[in-house]
$ cat entry-v6.json   # JSON, C-alpha atoms
[["chain", "number", "residue", "atom", "x", "y", "z"],
["A", 1, "MET", "CA", -2.48, -0.88, -12.69],
["A", 2, "THR", "CA", 0.26, -1.80, -15.08],
["A", 3, "SER", "CA", 3.84, -2.57, -14.18],
["A", 4, "THR", "CA", 5.13, 0.33, -16.27],
["A", 5, "SER", "CA", 3.07, 3.10, -14.65],
["A", 6, "SER", "CA", 2.36, 1.60, -11.27],
["A", 7, "PRO", "CA", 4.00, 2.81, -8.08],
["A", 8, "ILE", "CA", 4.24, -0.84, -7.06],
["A", 9, "ARG", "CA", 7.83, -1.74, -6.28],
["A", 10, "PRO", "CA", 9.50, -5.09, -5.64],
["A", 11, "LEU", "CA", 9.22, -6.16, -2.01],
["A", 12, "ASP", "CA", 12.09, -6.03, 0.46],
["A", 13, "PRO", "CA", 12.91, -9.53, 1.74],
["A", 14, "THR", "CA", 15.06, -7.98, 4.51],
["A", 15, "ASP", "CA", 12.08, -6.07, 5.92],
["A", 16, "PRO", "CA", 10.73, -7.83, 9.02],
["A", 17, "THR", "CA", 7.17, -7.28, 7.77],
["A", 18, "ALA", "CA", 5.67, -10.45, 6.27],
["A", 19, "LEU", "CA", 5.86, -10.50, 2.47],
["A", 20, "HIS", "CA", 2.09, -10.83, 2.03],
["A", 21, "GLU", "CA", 1.59, -7.75, 4.23],
["A", 22, "GLN", "CA", 4.17, -5.81, 2.20],
["A", 23, "ALA", "CA", 2.38, -6.89, -0.98],
["A", 24, "ALA", "CA", -0.99, -5.79, 0.41],
["A", 25, "ALA", "CA", 0.52, -2.43, 1.35],
["A", 26, "GLN", "CA", 1.93, -1.91, -2.14],
["A", 27, "ILE", "CA", -1.39, -2.79, -3.79],
["A", 28, "ARG", "CA", -3.30, -0.62, -1.29],
["A", 29, "ARG", "CA", -1.00, 2.30, -2.07],
["A", 30, "ALA", "CA", -1.37, 1.86, -5.83],
["A", 31, "ILE", "CA", -5.16, 1.91, -5.47],
["A", 32, "ALA", "CA", -5.03, 4.94, -3.16],
["A", 33, "GLU", "CA", -2.87, 6.77, -5.69],
["A", 34, "GLY", "CA", -5.42, 6.18, -8.44],
["A", 35, "GLN", "CA", -3.75, 3.38, -10.40],
["A", 36, "ALA", "CA", -7.03, 1.44, -10.17],
["A", 37, "ALA", "CA", -10.40, 2.96, -9.35],
["A", 38, "PRO", "CA", -13.45, 1.30, -7.79],
["A", 39, "GLY", "CA", -15.02, -1.00, -10.36],
["A", 40, "GLU", "CA", -11.77, -1.66, -12.22],
["A", 41, "ARG", "CA", -10.14, -5.06, -12.39],
["A", 42, "LEU", "CA", -6.68, -5.69, -11.03],
["A", 43, "PRO", "CA", -4.08, -7.49, -13.13],
["A", 44, "PRO", "CA", -3.87, -11.26, -12.62],
["A", 45, "ALA", "CA", -2.05, -12.42, -9.48],
["A", 46, "ARG", "CA", 0.79, -13.87, -11.56],
["A", 47, "ASP", "CA", 1.44, -10.44, -13.13],
["A", 48, "LEU", "CA", 1.37, -8.71, -9.74],
["A", 49, "ALA", "CA", 3.71, -11.39, -8.38],
["A", 50, "ALA", "CA", 6.19, -10.71, -11.19],
["A", 51, "VAL", "CA", 6.21, -6.97, -10.43],
["A", 52, "LEU", "CA", 6.49, -7.52, -6.67],
["A", 53, "GLY", "CA", 9.17, -10.18, -7.02],
["A", 54, "VAL", "CA", 7.30, -12.84, -5.04],
["A", 55, "ASN", "CA", 5.34, -15.95, -5.86],
["A", 56, "ARG", "CA", 1.68, -15.98, -6.82],
["A", 57, "ASN", "CA", 0.56, -17.49, -3.49],
["A", 58, "THR", "CA", 2.03, -14.54, -1.59],
["A", 59, "VAL", "CA", 0.03, -12.16, -3.79],
["A", 60, "LEU", "CA", -3.14, -14.21, -3.36],
["A", 61, "ARG", "CA", -2.70, -14.06, 0.42],
["A", 62, "ALA", "CA", -2.28, -10.28, 0.18],
["A", 63, "LEU", "CA", -5.41, -10.01, -1.98],
["A", 64, "ARG", "CA", -7.36, -12.03, 0.61],
["A", 65, "LEU", "CA", -6.30, -9.47, 3.24],
["A", 66, "LEU", "CA", -7.54, -6.68, 0.99],
["A", 67, "ARG", "CA", -10.81, -8.56, 0.43],
["A", 68, "GLU", "CA", -11.29, -8.79, 4.21],
["A", 69, "GLU", "CA", -10.73, -5.01, 4.41],
["A", 70, "GLY", "CA", -13.35, -4.44, 1.71],
["A", 71, "VAL", "CA", -10.85, -2.96, -0.76],
["A", 72, "VAL", "CA", -11.27, -5.66, -3.41],
["A", 73, "GLU", "CA", -13.73, -8.41, -4.23],
["A", 74, "PHE", "CA", -13.25, -11.69, -6.02],
["A", 75, "ARG", "CA", -15.71, -12.37, -8.83],
["A", 76, "ARG", "CA", -15.88, -15.74, -10.47],
["A", 77, "GLY", "CA", -14.95, -15.38, -14.10],
["A", 78, "ARG", "CA", -14.37, -11.63, -13.74],
["A", 79, "GLY", "CA", -11.17, -11.51, -11.70],
["A", 80, "ILE", "CA", -10.42, -9.28, -8.77],
["A", 81, "THR", "CA", -12.18, -5.94, -8.76],
["A", 82, "VAL", "CA", -11.45, -2.83, -6.71],
["A", 83, "THR", "CA", -14.46, -2.04, -4.54],
["A", 84, "ALA", "CA", -13.18, 0.94, -2.56],
["A", 85, "ALA", "CA", -10.10, 3.13, -2.39],
["A", 86, "PRO", "CA", -8.17, 2.79, 0.86],
["A", 87, "GLN", "CA", -8.45, 5.94, 2.84],
["A", 88, "ALA", "CA", -5.13, 7.73, 3.14],
["A", 89, "ALA", "CA", -7.02, 10.64, 4.70],
["A", 90, "ALA", "CA", -6.46, 9.37, 8.25],
["A", 91, "LEU", "CA", -2.72, 9.07, 7.64],
["A", 92, "VAL", "CA", -2.53, 12.54, 6.07],
["A", 93, "ALA", "CA", -4.49, 14.03, 9.00],
["A", 94, "ALA", "CA", -2.16, 12.35, 11.50],
["A", 95, "ALA", "CA", 0.88, 13.67, 9.60],
["A", 96, "ARG", "CA", -0.55, 17.20, 9.64],
["A", 97, "ASP", "CA", -1.26, 16.93, 13.37],
["A", 98, "LEU", "CA", 2.29, 15.70, 13.97],
["A", 99, "LEU", "CA", 3.75, 18.57, 11.96],
["A", 100, "ALA", "CA", 1.60, 21.08, 13.86],
["A", 101, "GLN", "CA", 2.70, 19.61, 17.18],
["A", 102, "ALA", "CA", 6.34, 19.71, 16.08],
["A", 103, "ARG", "CA", 6.02, 23.38, 15.13],
["A", 104, "ARG", "CA", 4.43, 24.18, 18.50],
["A", 105, "ASN", "CA", 7.51, 22.65, 20.08],
["A", 106, "GLY", "CA", 10.02, 24.55, 17.97],
["A", 107, "TYR", "CA", 10.74, 21.93, 15.29],
["A", 108, "ASP", "CA", 10.37, 22.63, 11.60],
["A", 109, "ARG", "CA", 9.50, 20.14, 8.84],
["A", 110, "ASP", "CA", 13.15, 19.18, 8.21],
["A", 111, "ASP", "CA", 13.72, 18.56, 11.94],
["A", 112, "LEU", "CA", 10.64, 16.32, 12.01],
["A", 113, "ILE", "CA", 11.81, 14.39, 8.94],
["A", 114, "ARG", "CA", 15.20, 13.80, 10.57],
["A", 115, "LEU", "CA", 13.50, 12.63, 13.78],
["A", 116, "ILE", "CA", 11.35, 10.19, 11.84],
["A", 117, "GLN", "CA", 14.28, 8.90, 9.81],
["A", 118, "ASP", "CA", 16.25, 8.25, 12.98],
["A", 119, "LEU", "CA", 13.46, 6.17, 14.54],
["A", 120, "PRO", "CA", 14.04, 2.43, 14.58],
["A", 121, "ASP", "CA", 11.61, 0.38, 12.48],
["A", 122, "PRO", "CA", 8.79, -1.11, 14.56]]
$ encode --input "entry-v6.json" --output "structure tokens"
Amino acid sequence: MTSTSSPIRPLDPTDPTALHEQAAAQIRRAIAEGQAAPGERLPPARDLAAVLGVNRNTVLRALRLLREEGVVEFRRGRGITVTAAPQAAALVAAARDLLAQARRNGYDRDDLIRLIQDLPDP
């Protein structure tokens, strides 16, 4: 999971989602997309913080969330290791179900995308 090939992007300070939750989401996504596999070590928190554009404590808080989810584990002297890939399968299944429901109601993929884009952020 390097800054040059990683899908991790700087966080959006205007987003109402807490920065540590945004950071956790970015790291979760990178792992789900194969940037780090189970058993591999993540870069140090200071490196992740530089890529995300936040301070190290924000990244550490995000990593603690991921540890609670069972995605990473902290090992003394060995850094932070990926233990499991987050499952995007549930999200993909929900998206497929939504698309199928839209089609049953006369909407195509583009109509559904426009509907989603017009929704206010939660």
$ residues_around --input "entry-v6.json" --residues "Pro43 (chain A)" --least-positions-apart "4" --cutoff "12 Å" --atoms "all atoms listed in the file" --output "list in words"
Met1, Thr2, Ser3, Ser6, Ile27, Gln35, Ala36, Asp47, Leu48, Ala49, Ala50, Val51, Val59, Leu60, Leu63, Arg78, Gly79, Ile80, Thr81 and Val82 of chain A
$ closest_residue --input "entry-v6.json" --among "A:Leu112, A:Ala95, A:Val71, A:Leu65" --to "Ala24 (chain A)" --atoms "all atoms listed in the file"
A:Leu65
$ closest_residue --input "entry-v6.json" --among "A:Asp97, A:Val72, A:Asp110, A:Asp121" --to "Ala37 (chain A)" --atoms "all atoms listed in the file"
A:Val72
$ closest_residue --input "entry-v6.json" --among "A:Pro16, A:Gly77, A:Gly70, A:Gly106" --to "Pro38 (chain A)" --atoms "only C-alpha atoms"
A:Gly70
$ atom_distance --input "entry-v6.json" --atom1 "CA of Pro13 (chain A)" --atom2 "CA of Pro122 (chain A)"
15.9 Å
$ atom_distance --input "entry-v6.json" --atom1 "CA of Leu99 (chain A)" --atom2 "CA of Ala32 (chain A)"
22.2 Å
